[in-house]
Amino acid sequence: MSKVYVSSVVNGDPVEFLCDADTSLLDALRDELGLTGAKEGCGTGDCGACSIMLDGRLVCSCLVLGPEAEGRQIDTIEGMAEGSELHPLQRQFLEHAALQCGFCTPGLLVASKALLERNPDPSETEIRFWLAGNLCRCTGYDKIIRAVQDAAAELRQERSVA
Amino acid sequence: MNDMKPIKPDFKIVGTRPVRPDGVDKVTGKAAYAADMAMPGMLHGRIKRSPHAHARIVSIDTRKALALKGVKAVITAEDFPELDPSIVAAGGEAHHNMANYSANCMARGKALYEGHAVAAVAATSPSIARQALELIEVVYEPMPHVTDLLEAMKPDAPLLHDNMFTQGLPETPTKASNIAKFFKQERGNLEEGFASADLVFEQRYTTQPVHQGYIEPHACVASVSADGQAMVWCSSQGQFMVRDFSAKIVGMNQADLRVVPAEIGGGFGGKTVVYLEPLAIVLSRKAGRPVKIVMSRDEVFRATGPTSASVMDVKIGVMKDGRIVAGDVDCKFQAGGFTGSPVMAATMTALASYDVPHCRVTGWDIVTNTPKVAAYRAPAAPNAAFAVESALDEIARELGMDPMTLREINAVRNGMTAIYGAPLQHIGLVETLDAIKQHPHYEAPLGPNQGRGLAVGFWFNGGGESSVTVSINPDGTVSVATGTPDIGGSRASSAMMVAEALGVPYEKVRPIVADTASVGFNEITGGSRVTFSNGLALVRASEQLVDEIRLRAGLIWDVPADQVAYADGIATCLAPDRAETPLLLGEIADKAAHFGGPLSKEVALNADGVAPCFGVHLCDVEVDPDTGNVTVLRYTAAQDVGRAIHPSYVEGQIQGGAAQGIGWALNEEYVFNAKGQMENSGFLDYRMPIASDLPMIDTIMVEVPNPVHPYGVKGVGEVPIVPPLAAVANAVRDAIGKRICDLPLSPTRIHAAMTAG
Amino acid sequence: MPVVRVTSSFCDSFTGGLTEFEVAATTVRGMMRELGARFPGLAEFLEARAAVAIDGTIYRNAWLQPIGPDSDIVLIPRVGGG
C-alpha cells in the first residue's frame, strides 16, 4: 500500500508527513509527528483522551483519518502552553489536583479550552455536559469541574482587564 | 473544601496542598506513558485470541504467518516453560500461582474464555502484524462452556480443570469441580445467636462482573539482547511485580530483566499482574529486536480485569433495640478461567464494621469461562458491603429505626475483635458516622421520587516491603527515589513527608519512581500501602540523614553531634562558649566529601502495624418514574483517613472511589451472549460514569491517626469504593419504595420493579 | 504459654478445624515451626499464606517478631489489595 503525503499546520507550525490511507490522525500525530500528548483510550471515539482541535473544532483524533488533515489547522495539548507559560486551565488543573493518573488530562484540557472559547461563563451543568465525552476514571470529575470553573473566572478577569 | 490551609497546624508541610512534582508534564502532554515509548528497529506485536469461551486447542500452525514478509516472530505456549505449581509471586503474594499466570498470558492446551491469548506475532508494522494473525491457523475443539457462577457450581457443569478438587474443606473432595476453594470465618454460636434474635432477616444479593476501567490500555516495550539481558518499559502498578512475574514465566534471572516504569494511566488493581510483558519478552528474544505491544480497548475488556460476579446470601438476627446478635453470610465469587477470586477478603470484610457476637461468613471461589479476575480496589469488600449494608437498611425499616442509629449501635469500636480475629486498634468508625450526621446533607429535605441511602465500608489497608533512597545533593536540595509507580499523587506525598522530616521546603525535594535496577525491591502500588509503607521508609531515611547532618556539622565545628541542633534546614552549634555561625544544609552537604562522603541513605523495610479504615457514604437520588433512570443528586463521603498528607489527593481518592462505586451500582456490567462472548466490550456499551452523570462529591476527612506511622498515615485509596454500591441501592429503595437486590440498578430493572404489582 | 487463635477456616485442612493452640515458642517463626510439628504441612502453609496479629498489631512476614507468654496471637489469612 503506498503512503499518502499530508501537509498541515500543527500548533501553528507547518508539518508534512506520510501515512497509510487508513491511519487515524491520532496515530499519525503520535507515530509520524512524535506528538504523543493525545492518548488512545478506546480508538472508537468514546473516551475523549485523543481530543484535538481540527480547524477550530473539537474532535476525537482517533475518528479522523490522517489524510483528512491535509491543508488543515490542528491544535493539540502540546500547543496549549505558551513556552513555559501554562494556560490558566493547565494551572488550575494543577492547583485543584484535578488529575491523578493524568492519562485523560490532555483530552480534558483540550476539550475544556474549546468550551471556554465558545462559552466564557459556563454553568456547572454546561461544563459537565460539554465534558461528557471525556472519560476520567480516577477523579469522579469533581476537581476537574472546579478547575474549569476557576480557569473560566480567571480568563474572564483577564479579558475584562485587557 | 479547597482552602489551602494546612489541616494540622503542628506540621509545616504535611496537610498542605502543593502542586505535584510531576504535574506540569501531565498537563502539557509530555508525561510518557507506556504506549508513548518507541525504539529504533522496534517491531509491533499483536495477539491472536480465542473466539471460543471454552475449547481444546488441537493444533496451531504458524507457518503461513511466519512466511509473510515483515513477520519476525510468532509464539505460542510452546515458547514458554511449563511451570511447577509451587512457583508463586514474590513479596508475600503467595496467592499468585505463576503456572496459572503463564497459562493466562498464553493458553496452554485449552482456551478458557473468549479473548484468551493463543498466539502472538511481532512484525515490522502494525498492519503486517494484523495480517499475520489471520494467517495463524488454530484448530479448536469447542467444548461446552459456563459463564454463570451458580451454573458453574452445579455437579453436571462443564468442567474447566479436571484436576480441580475444592481446597479448604475439612475433607478434600475426590470429584473434580469448578469450586476451587472454600473459606470460612466463624465465632460464637450461630444457632444460639439466631434463637435469641427478635427479628431474623434473610435475602440474596447479586452483582455482575465490572471492569476496573482505567483509561490507559495495557502497553509495553521489551528489548532482549543476544546475551539474554532484557529491558521492559511498561505501565503497571509495580515494576518489581512485572520483573518477578515475567522472569518466572519466561524463565530468566531477575537481574537480567530491568523493568522501567512508565507513567501509569490508571490501574485500580487491574495492573497488579502481567498480560503482555512475558509475550513481548519472548517475541523480542526470538526476533532479536525490540517489540511493542499495545492492547486495544476491546482486548482490555475481553482479556484483563474484571472483578468477580458475586452471589451473597445474608441472614442477620437483631434484637428490637437494634443490637445485631447473629450474622450468617455466604459469598460465592466468580474467579474466571483460573482460581483466584478475592472471596476470602469478602469473608473477612462482610461483617467487619459491626460487633456481631455470633457469626459465620463463608466463601466459595468458582471458576467460569470468563476472563481471569484481577484485583479491583478493596477486592471483594464492595460486593460484601452491598449485601450486608442493603440488608441492614431493610432491617432498620422493619425495626422502625433510623439507619444511622442502627449502625451507631453496632459499630465496631477500639478494643473490639474483628471477625477475622484481630483486636481493632486506632479505628475511627464512630467518628466517621458522626461526621456524616453533622453534615448539612444529612438533614437536607427530599422531594418527590427522591430517596436517601446510607452505607458503611471497611478495608484493611496494607503495609509490606518498600525500599527508598533519600540523598542530599551538594546544594542542599534533596533527591528521593522510590520504587512504586505514582498512580495518583504519591510523588507529592513522598516529597512532602521527606520535606517535613528534613525541614526543607517542598520544592527542594524532587522524587522519582526508579526502575528495578536503581532501588531495592518494592511491592506493588496497591492495597492502599504506598503512603504508609514508603512513608515509614522515607521518614526513617530522613531521620538517619538528620543524625548524619548533626554529626557532620559537629565535625565541621569540632564538637560532638549532641552539641548540634538541626531544624528547618539549619544546623546550630549548641556548645557553650562557641559563637559559630549556623550552617545551612547546603553548606554541610557541600563539604560532605571531607567528612565521610555523600549524604545518602537507603532504607529497605517491611512495614507492619497497618491500621484499617472505614468510610461512611450518604447518597441522594431521584428516580424518573417514567423511565427508571436514576440521577444522583447529592453525594457525601466521610472517611477515617488516618492523617491526610496531601488532602487534595486524599479527597481525590475518595471522590474517584465513590464515582467507580456509583458506576458499579447503576450501569456497569459484563454482558455475555449464549456463546459466552462478551457483548459490550467498548466504552459506549460498557457505561462508566461520565461528568454529566455525577454531582459534586463532597468529602469529609476524619483524622484518627495510626500511631505506628510518624505522621499518622493509614491508607486511603481503597475504602471509598466499598460503601457506594449499597449507598446508591439504599437511596433507590428509599425513592421507589421497592428493594432491588441485583446490580446494576439499570433503568430497565428499576422500571420493571416500579411497574410490577 | 501463649495461645494462638484462628477464627478463619483457612488452615482447617491441616488442623482438622481446631481453633486454639498453646505454644511454647518465643517468636513467630518458632510458633509456626511448633504448629508445623503438630500438623504436617502447616508450617509451610502459614509461612506462605498467614499474617499474624500480636496483641492487635498485624504482622505479615515478620517471622522474627517476639511473642511473650501473655501475647494474644491470631492467625489471619493474608489479603492482597487493589
# chains A, B, ... in the order shown; residues from 1 in each chain; ligands from 1

$ select_by_dssp --residues "region 538-692 of chain B" --states "alpha helix (DSSP H)" --output "ChimeraX atom specification"
/B:538-557,585-590,647-666

$ write_last_selection --atoms "C-alpha atoms" --output "PDB file, in the first residue's frame"
ATOM      1  CA  LEU B 538      11.203   7.804  53.762  1.00  0.00           C
ATOM      2  CA  VAL B 539      10.834   9.266  57.231  1.00  0.00           C
ATOM      3  CA  ARG B 540      13.297   6.754  58.641  1.00  0.00           C
ATOM      4  CA  ALA B 541      15.826   7.610  55.920  1.00  0.00           C
ATOM      5  CA  SER B 542      15.281  11.306  56.591  1.00  0.00           C
ATOM      6  CA  GLU B 543      15.777  10.824  60.322  1.00  0.00           C
ATOM      7  CA  GLN B 544      19.020   8.968  59.654  1.00  0.00           C
ATOM      8  CA  LEU B 545      20.086  11.871  57.473  1.00  0.00           C
ATOM      9  CA  VAL B 546      19.282  14.354  60.235  1.00  0.00           C
ATOM     10  CA  ASP B 547      21.518  12.363  62.588  1.00  0.00           C
ATOM     11  CA  GLU B 548      24.214  12.381  59.911  1.00  0.00           C
ATOM     12  CA  ILE B 549      23.803  16.121  59.343  1.00  0.00           C
ATOM     13  CA  ARG B 550      24.276  16.828  63.049  1.00  0.00           C
ATOM     14  CA  LEU B 551      27.338  14.589  63.082  1.00  0.00           C
ATOM     15  CA  ARG B 552      28.812  16.345  60.033  1.00  0.00           C
ATOM     16  CA  ALA B 553      28.114  19.817  61.407  1.00  0.00           C
ATOM     17  CA  GLY B 554      29.749  18.679  64.638  1.00  0.00           C
ATOM     18  CA  LEU B 555      32.802  17.525  62.676  1.00  0.00           C
ATOM     19  CA  ILE B 556      32.956  20.879  60.901  1.00  0.00           C
ATOM     20  CA  TRP B 557      32.824  22.681  64.260  1.00  0.00           C
ATOM     21  CA  LEU B 585      22.043  22.297  54.875  1.00  0.00           C
ATOM     22  CA  GLY B 586      23.699  23.107  51.535  1.00  0.00           C
ATOM     23  CA  GLU B 587      26.875  24.247  53.267  1.00  0.00           C
ATOM     24  CA  ILE B 588      27.097  20.967  55.162  1.00  0.00           C
ATOM     25  CA  ALA B 589      26.281  18.928  52.049  1.00  0.00           C
ATOM     26  CA  ASP B 590      28.865  20.794  50.008  1.00  0.00           C
ATOM     27  CA  PRO B 647      -5.565  16.483  51.435  1.00  0.00           C
ATOM     28  CA  SER B 648      -6.407  17.193  47.780  1.00  0.00           C
ATOM     29  CA  TYR B 649      -5.186  13.782  46.673  1.00  0.00           C
ATOM     30  CA  VAL B 650      -6.951  12.122  49.594  1.00  0.00           C
ATOM     31  CA  GLU B 651     -10.175  13.856  48.577  1.00  0.00           C
ATOM     32  CA  GLY B 652      -9.457  12.762  45.012  1.00  0.00           C
ATOM     33  CA  GLN B 653      -9.162   9.129  46.088  1.00  0.00           C
ATOM     34  CA  ILE B 654     -12.456   9.386  47.954  1.00  0.00           C
ATOM     35  CA  GLN B 655     -14.234  11.075  45.042  1.00  0.00           C
ATOM     36  CA  GLY B 656     -12.819   8.673  42.461  1.00  0.00           C
ATOM     37  CA  GLY B 657     -13.693   5.604  44.511  1.00  0.00           C
ATOM     38  CA  ALA B 658     -17.209   6.901  45.062  1.00  0.00           C
ATOM     39  CA  ALA B 659     -17.648   7.517  41.325  1.00  0.00           C
ATOM     40  CA  GLN B 660     -16.487   3.991  40.469  1.00  0.00           C
ATOM     41  CA  GLY B 661     -18.876   2.590  43.053  1.00  0.00           C
ATOM     42  CA  ILE B 662     -21.745   4.624  41.625  1.00  0.00           C
ATOM     43  CA  GLY B 663     -20.997   3.214  38.171  1.00  0.00           C
ATOM     44  CA  TRP B 664     -20.907  -0.317  39.598  1.00  0.00           C
ATOM     45  CA  ALA B 665     -24.254   0.293  41.293  1.00  0.00           C
ATOM     46  CA  LEU B 666     -26.080   1.870  38.372  1.00  0.00           C
TER      47      LEU B 666
END

$ select_by_dssp --residues "chain C" --states "strand (DSSP E or B)" --output "PyMOL selection string"
chain C and resi 3-5+8+20-22+27+50-54+57-59+66+72-77

$ write_last_selection --atoms "N, CA and C atoms" --output "compact mmCIF listing (two decimals), in the first residue's frame"
# COMPACT_ATOMS: atom_id res chain seq x y z
N VAL C 3 -1.26 -18.35 73.69
CA VAL C 3 -2.30 -19.08 72.98
C VAL C 3 -2.45 -18.50 71.58
N VAL C 4 -2.45 -19.36 70.58
CA VAL C 4 -2.65 -18.95 69.20
C VAL C 4 -4.08 -19.28 68.81
N ARG C 5 -4.79 -18.26 68.30
CA ARG C 5 -6.19 -18.49 67.91
C ARG C 5 -6.33 -18.32 66.39
N SER C 8 -10.57 -18.15 61.30
CA SER C 8 -10.81 -18.45 59.89
C SER C 8 -10.60 -19.93 59.64
N GLU C 20 -7.77 -23.23 68.59
CA GLU C 20 -6.87 -22.66 69.62
C GLU C 20 -5.72 -23.62 69.88
N PHE C 21 -4.54 -23.05 69.97
CA PHE C 21 -3.35 -23.88 70.19
C PHE C 21 -2.46 -23.21 71.23
N GLU C 22 -1.98 -23.98 72.19
CA GLU C 22 -0.97 -23.45 73.11
C GLU C 22 0.40 -23.72 72.52
N THR C 27 9.03 -16.69 69.29
CA THR C 27 8.99 -15.86 68.09
C THR C 27 7.91 -16.40 67.15
N ALA C 50 -0.13 -16.83 55.80
CA ALA C 50 -0.71 -16.23 57.01
C ALA C 50 -0.07 -14.90 57.38
N ALA C 51 -0.87 -14.03 57.92
CA ALA C 51 -0.38 -12.90 58.69
C ALA C 51 -0.65 -13.24 60.16
N VAL C 52 0.03 -12.55 61.04
CA VAL C 52 -0.12 -12.83 62.46
C VAL C 52 -0.42 -11.53 63.19
N ALA C 53 -1.50 -11.53 63.96
CA ALA C 53 -1.77 -10.36 64.80
C ALA C 53 -1.26 -10.67 66.20
N ILE C 54 -0.37 -9.82 66.69
CA ILE C 54 0.15 -10.00 68.04
C ILE C 54 -0.31 -8.80 68.87
N THR C 57 -1.55 -5.81 66.80
CA THR C 57 -0.76 -5.30 65.67
C THR C 57 -0.58 -6.41 64.64
N ILE C 58 -0.88 -6.09 63.39
CA ILE C 58 -0.82 -7.13 62.36
C ILE C 58 0.56 -7.16 61.71
N TYR C 59 1.17 -8.34 61.71
CA TYR C 59 2.46 -8.56 61.07
C TYR C 59 2.24 -9.55 59.93
N PRO C 66 9.07 -11.11 68.31
CA PRO C 66 8.95 -11.89 69.55
C PRO C 66 7.50 -12.05 70.00
N ASP C 72 -1.47 -12.14 72.91
CA ASP C 72 -2.68 -12.59 72.22
C ASP C 72 -2.30 -12.74 70.75
N ILE C 73 -2.33 -13.94 70.25
CA ILE C 73 -1.84 -14.21 68.89
C ILE C 73 -2.96 -14.76 68.03
N VAL C 74 -3.17 -14.14 66.88
CA VAL C 74 -4.22 -14.60 65.99
C VAL C 74 -3.64 -14.83 64.60
N LEU C 75 -3.94 -15.98 64.02
CA LEU C 75 -3.52 -16.25 62.64
C LEU C 75 -4.61 -15.72 61.71
N ILE C 76 -4.19 -14.93 60.72
CA ILE C 76 -5.13 -14.28 59.82
C ILE C 76 -4.70 -14.59 58.39
N PRO C 77 -5.65 -14.89 57.50
CA PRO C 77 -5.25 -15.06 56.10
C PRO C 77 -4.68 -13.75 55.55

$ residues_around --residues "Gly30 (chain C)" --least-positions-apart "5" --cutoff "9 Å" --atoms "only C-alpha atoms" --output "list in words"
Val23, Ala24, Ala25, Leu35, Trp63 and Leu64 of chain C

$ residues_around --residues "Thr26 (chain C)" --least-positions-apart "3" --cutoff "9 Å" --atoms "only C-alpha atoms" --output "CSV table (one decimal) with N, CA and C atoms, in the first residue's frame"
chain,number,residue,atom,x,y,z
C,2,PRO,N,1.8,-18.8,75.6
C,2,PRO,CA,0.9,-18.0,74.7
C,2,PRO,C,-0.1,-18.9,73.9
C,23,VAL,N,1.3,-22.7,72.6
C,23,VAL,CA,2.6,-23.0,72.1
C,23,VAL,C,3.6,-22.5,73.1
C,29,ARG,N,8.3,-17.3,64.1
C,29,ARG,CA,8.8,-18.4,63.3
C,29,ARG,C,8.8,-19.7,64.2
C,30,GLY,N,9.1,-19.5,65.5
C,30,GLY,CA,9.1,-20.6,66.4
C,30,GLY,C,7.7,-21.2,66.5
C,31,MET,N,6.7,-20.3,66.6
C,31,MET,CA,5.3,-20.7,66.7
C,31,MET,C,4.9,-21.5,65.4
C,65,GLN,N,9.5,-11.6,64.9
C,65,GLN,CA,8.8,-10.8,65.9
C,65,GLN,C,8.7,-11.7,67.2
C,66,PRO,N,9.1,-11.1,68.3
C,66,PRO,CA,8.9,-11.9,69.5
C,66,PRO,C,7.5,-12.1,70.0
C,67,ILE,N,7.2,-13.2,70.6
C,67,ILE,CA,5.9,-13.3,71.3
C,67,ILE,C,6.1,-13.6,72.8
C,68,GLY,N,5.4,-13.1,73.6
C,68,GLY,CA,5.6,-13.2,75.1
C,68,GLY,C,4.6,-14.2,75.6
C,69,PRO,N,4.8,-14.6,76.9
C,69,PRO,CA,3.9,-15.7,77.5
C,69,PRO,C,2.4,-15.2,77.5

$ closest_atom_pairs --of "chain B" --to "chain C" --cutoff "6 Å" --atoms "only C-alpha atoms" --output "Markdown table"
| residue | atom | partner | partner_atom | distance |
| --- | --- | --- | --- | --- |
| B:Ala94 | CA | C:Ala48 | CA | 5.7 |
| B:Gly168 | CA | C:Ser13 | CA | 5.9 |
| B:Pro170 | CA | C:Ser13 | CA | 4.9 |
| B:Phe183 | CA | C:Ser9 | CA | 5.7 |
| B:Lys184 | CA | C:Ser9 | CA | 4.8 |
| B:Gln185 | CA | C:Ser8 | CA | 4.2 |
| B:Glu186 | CA | C:Thr7 | CA | 5.5 |
| B:Phe268 | CA | C:Gly82 | CA | 5.8 |
| B:Gly269 | CA | C:Gly82 | CA | 3.6 |
| B:Ala375 | CA | C:Gly82 | CA | 4.9 |
| B:Tyr376 | CA | C:Gly82 | CA | 5.0 |
| B:Arg377 | CA | C:Gly82 | CA | 4.3 |
| B:Ala378 | CA | C:Gly82 | CA | 5.7 |
| B:Tyr420 | CA | C:Thr7 | CA | 5.9 |
| B:Gly421 | CA | C:Thr7 | CA | 5.6 |
| B:Ala422 | CA | C:Gly56 | CA | 5.6 |
| B:Pro423 | CA | C:Gly56 | CA | 4.7 |
| B:Gly526 | CA | C:Gly82 | CA | 4.9 |
| B:Gly527 | CA | C:Gly81 | CA | 3.6 |
| B:Asp608 | CA | C:Tyr59 | CA | 5.2 |
| B:Gly609 | CA | C:Thr57 | CA | 5.2 |

$ write_last_selection --atoms "N, CA and C atoms" --output "short mmCIF file (atom, residue, chain, number, x, y, z; two decimals), in the first residue's frame"
data_model
loop_
_atom_site.label_atom_id
_atom_site.label_comp_id
_atom_site.auth_asym_id
_atom_site.auth_seq_id
_atom_site.Cartn_x
_atom_site.Cartn_y
_atom_site.Cartn_z
N ALA B 94 1.67 -14.99 47.89
CA ALA B 94 1.69 -16.41 47.56
C ALA B 94 0.42 -16.88 46.87
N GLY B 168 -9.70 -26.27 51.07
CA GLY B 168 -10.18 -25.51 52.22
C GLY B 168 -11.31 -26.18 52.97
N PRO B 170 -12.75 -29.35 55.26
CA PRO B 170 -12.10 -30.29 56.19
C PRO B 170 -11.69 -31.58 55.47
N PHE B 183 -13.71 -20.89 52.02
CA PHE B 183 -13.18 -20.16 53.18
C PHE B 183 -14.30 -19.97 54.19
N LYS B 184 -13.91 -19.85 55.44
CA LYS B 184 -14.92 -19.61 56.47
C LYS B 184 -14.32 -18.78 57.59
N GLN B 185 -15.05 -17.80 58.05
CA GLN B 185 -14.73 -17.08 59.29
C GLN B 185 -15.87 -17.37 60.25
N GLU B 186 -15.55 -17.62 61.50
CA GLU B 186 -16.61 -18.02 62.42
C GLU B 186 -16.27 -17.59 63.83
N PHE B 268 -6.18 0.71 39.47
CA PHE B 268 -7.27 0.31 40.39
C PHE B 268 -7.22 -1.16 40.72
N GLY B 269 -6.04 -1.75 40.67
CA GLY B 269 -5.89 -3.18 40.94
C GLY B 269 -5.68 -3.99 39.68
N ALA B 375 -7.51 -7.96 40.73
CA ALA B 375 -7.89 -7.13 41.88
C ALA B 375 -8.59 -5.86 41.39
N TYR B 376 -9.55 -5.42 42.14
CA TYR B 376 -10.19 -4.13 41.85
C TYR B 376 -10.44 -3.45 43.19
N ARG B 377 -9.68 -2.46 43.50
CA ARG B 377 -9.89 -1.54 44.62
C ARG B 377 -10.66 -2.19 45.78
N ALA B 378 -9.99 -2.50 46.86
CA ALA B 378 -10.62 -3.18 48.00
C ALA B 378 -11.31 -4.46 47.54
N TYR B 420 -12.17 -11.42 61.78
CA TYR B 420 -11.02 -12.22 61.38
C TYR B 420 -10.06 -12.45 62.54
N GLY B 421 -10.47 -12.06 63.73
CA GLY B 421 -9.76 -12.49 64.92
C GLY B 421 -8.89 -11.45 65.60
N ALA B 422 -8.49 -10.42 64.90
CA ALA B 422 -7.54 -9.46 65.48
C ALA B 422 -8.28 -8.35 66.21
N PRO B 423 -7.74 -7.93 67.36
CA PRO B 423 -8.33 -6.78 68.04
C PRO B 423 -8.17 -5.53 67.18
N GLY B 526 -0.52 -0.61 45.57
CA GLY B 526 -1.81 -1.29 45.69
C GLY B 526 -2.06 -1.60 47.15
N GLY B 527 -3.28 -1.97 47.45
CA GLY B 527 -3.60 -2.30 48.83
C GLY B 527 -3.54 -1.09 49.76
N ASP B 608 4.97 -3.12 58.98
CA ASP B 608 3.89 -3.78 59.70
C ASP B 608 3.15 -2.73 60.51
N GLY B 609 2.06 -3.17 61.15
CA GLY B 609 1.34 -2.26 62.04
C GLY B 609 0.35 -1.37 61.33
#

$ interface_residues --of "chain A" --to "chain B" --cutoff "6 Å" --atoms "only C-alpha atoms" --output "MDAnalysis selection string"
chainID A and resid 36:37 41:42 46 77:78 90 94:95 100:103 106 128:129 132 135 138:142

$ write_last_selection --atoms "N, CA and C atoms" --output "PDB file, in the first residue's frame"
ATOM      1  N   THR A  36       2.889  12.789  21.241  1.00  0.00           N
ATOM      2  CA  THR A  36       2.229  11.707  21.973  1.00  0.00           C
ATOM      3  C   THR A  36       1.345  12.220  23.110  1.00  0.00           C
ATOM      4  N   GLY A  37       1.099  13.528  23.118  1.00  0.00           N
ATOM      5  CA  GLY A  37       0.230  14.076  24.171  1.00  0.00           C
ATOM      6  C   GLY A  37      -1.193  13.573  24.080  1.00  0.00           C
ATOM      7  N   GLY A  41      -7.384   5.867  24.300  1.00  0.00           N
ATOM      8  CA  GLY A  41      -8.001   5.106  25.383  1.00  0.00           C
ATOM      9  C   GLY A  41      -8.961   4.068  24.866  1.00  0.00           C
ATOM     10  N   CYS A  42      -9.523   4.320  23.650  1.00  0.00           N
ATOM     11  CA  CYS A  42     -10.518   3.359  23.138  1.00  0.00           C
ATOM     12  C   CYS A  42     -10.420   3.161  21.632  1.00  0.00           C
ATOM     13  N   ASP A  46     -15.089   7.127  22.141  1.00  0.00           N
ATOM     14  CA  ASP A  46     -15.923   7.104  23.341  1.00  0.00           C
ATOM     15  C   ASP A  46     -15.270   7.731  24.574  1.00  0.00           C
ATOM     16  N   ILE A  77      -2.593  19.293  22.649  1.00  0.00           N
ATOM     17  CA  ILE A  77      -2.191  19.681  24.012  1.00  0.00           C
ATOM     18  C   ILE A  77      -0.787  20.288  24.020  1.00  0.00           C
ATOM     19  N   GLU A  78       0.063  19.817  23.113  1.00  0.00           N
ATOM     20  CA  GLU A  78       1.450  20.307  23.098  1.00  0.00           C
ATOM     21  C   GLU A  78       1.519  21.799  22.795  1.00  0.00           C
ATOM     22  N   GLN A  90      -4.451  24.773  32.500  1.00  0.00           N
ATOM     23  CA  GLN A  90      -3.399  23.861  32.948  1.00  0.00           C
ATOM     24  C   GLN A  90      -3.006  24.174  34.394  1.00  0.00           C
ATOM     25  N   LEU A  94      -3.638  21.859  37.933  1.00  0.00           N
ATOM     26  CA  LEU A  94      -2.594  21.521  38.906  1.00  0.00           C
ATOM     27  C   LEU A  94      -2.980  21.987  40.306  1.00  0.00           C
ATOM     28  N   GLU A  95      -3.450  23.224  40.420  1.00  0.00           N
ATOM     29  CA  GLU A  95      -3.808  23.773  41.740  1.00  0.00           C
ATOM     30  C   GLU A  95      -4.912  22.949  42.393  1.00  0.00           C
ATOM     31  N   GLN A 100      -5.185  12.577  38.512  1.00  0.00           N
ATOM     32  CA  GLN A 100      -4.472  11.592  39.334  1.00  0.00           C
ATOM     33  C   GLN A 100      -3.480  10.853  38.457  1.00  0.00           C
ATOM     34  N   CYS A 101      -3.979   9.990  37.570  1.00  0.00           N
ATOM     35  CA  CYS A 101      -3.026   9.301  36.693  1.00  0.00           C
ATOM     36  C   CYS A 101      -2.586  10.198  35.550  1.00  0.00           C
ATOM     37  N   GLY A 102      -3.437  11.132  35.149  1.00  0.00           N
ATOM     38  CA  GLY A 102      -3.053  12.104  34.127  1.00  0.00           C
ATOM     39  C   GLY A 102      -3.275  11.671  32.696  1.00  0.00           C
ATOM     40  N   PHE A 103      -3.770  10.468  32.474  1.00  0.00           N
ATOM     41  CA  PHE A 103      -3.883   9.949  31.108  1.00  0.00           C
ATOM     42  C   PHE A 103      -4.995  10.652  30.328  1.00  0.00           C
ATOM     43  N   PRO A 106      -4.763  15.436  29.001  1.00  0.00           N
ATOM     44  CA  PRO A 106      -4.617  16.222  27.767  1.00  0.00           C
ATOM     45  C   PRO A 106      -5.946  16.412  27.035  1.00  0.00           C
ATOM     46  N   ARG A 128     -20.350  20.056  32.725  1.00  0.00           N
ATOM     47  CA  ARG A 128     -20.493  18.597  32.829  1.00  0.00           C
ATOM     48  C   ARG A 128     -20.962  17.989  31.498  1.00  0.00           C
ATOM     49  N   PHE A 129     -21.890  18.651  30.825  1.00  0.00           N
ATOM     50  CA  PHE A 129     -22.376  18.084  29.558  1.00  0.00           C
ATOM     51  C   PHE A 129     -21.342  18.254  28.448  1.00  0.00           C
ATOM     52  N   ALA A 132     -18.819  15.573  28.796  1.00  0.00           N
ATOM     53  CA  ALA A 132     -19.383  14.213  28.897  1.00  0.00           C
ATOM     54  C   ALA A 132     -18.689  13.236  27.952  1.00  0.00           C
ATOM     55  N   LEU A 135     -13.834  10.697  29.273  1.00  0.00           N
ATOM     56  CA  LEU A 135     -13.883   9.832  30.456  1.00  0.00           C
ATOM     57  C   LEU A 135     -12.686  10.072  31.359  1.00  0.00           C
ATOM     58  N   CYS A 138     -10.357   8.299  37.423  1.00  0.00           N
ATOM     59  CA  CYS A 138      -9.685   8.494  38.713  1.00  0.00           C
ATOM     60  C   CYS A 138     -10.399   9.465  39.636  1.00  0.00           C
ATOM     61  N   THR A 139     -10.924  10.562  39.103  1.00  0.00           N
ATOM     62  CA  THR A 139     -11.233  11.712  39.972  1.00  0.00           C
ATOM     63  C   THR A 139     -12.693  11.859  40.352  1.00  0.00           C
ATOM     64  N   GLY A 140     -13.603  11.182  39.649  1.00  0.00           N
ATOM     65  CA  GLY A 140     -15.021  11.448  39.899  1.00  0.00           C
ATOM     66  C   GLY A 140     -15.443  12.819  39.390  1.00  0.00           C
ATOM     67  N   TYR A 141     -14.573  13.483  38.640  1.00  0.00           N
ATOM     68  CA  TYR A 141     -14.814  14.751  37.917  1.00  0.00           C
ATOM     69  C   TYR A 141     -14.906  15.987  38.812  1.00  0.00           C
ATOM     70  N   ASP A 142     -15.132  15.824  40.101  1.00  0.00           N
ATOM     71  CA  ASP A 142     -15.369  16.965  40.993  1.00  0.00           C
ATOM     72  C   ASP A 142     -14.303  18.058  40.821  1.00  0.00           C
TER      73      ASP A 142
END

$ residues_around --residues "Glu158 (chain A)" --least-positions-apart "6" --cutoff "12 Å" --atoms "only C-alpha atoms" --output "NGL selection string"
:A and (88 or 120 or 151-152)

$ residues_around --residues "region 304-313 of chain B" --least-positions-apart "6" --cutoff "7 Å" --atoms "only C-alpha atoms" --output "ChimeraX atom specification"
/B:203-212,270,329-335,341,371-376,383,387

$ residues_around --residues "Leu454 (chain B)" --least-positions-apart "3" --cutoff "7 Å" --atoms "only C-alpha atoms" --output "list in words"
His617, Leu618, Cys619, Ala727 and Asn730 of chain B

$ atom_distance --atom1 "CA of Ala153 (chain A)" --atom2 "CA of Phe93 (chain A)"
13.6 Å
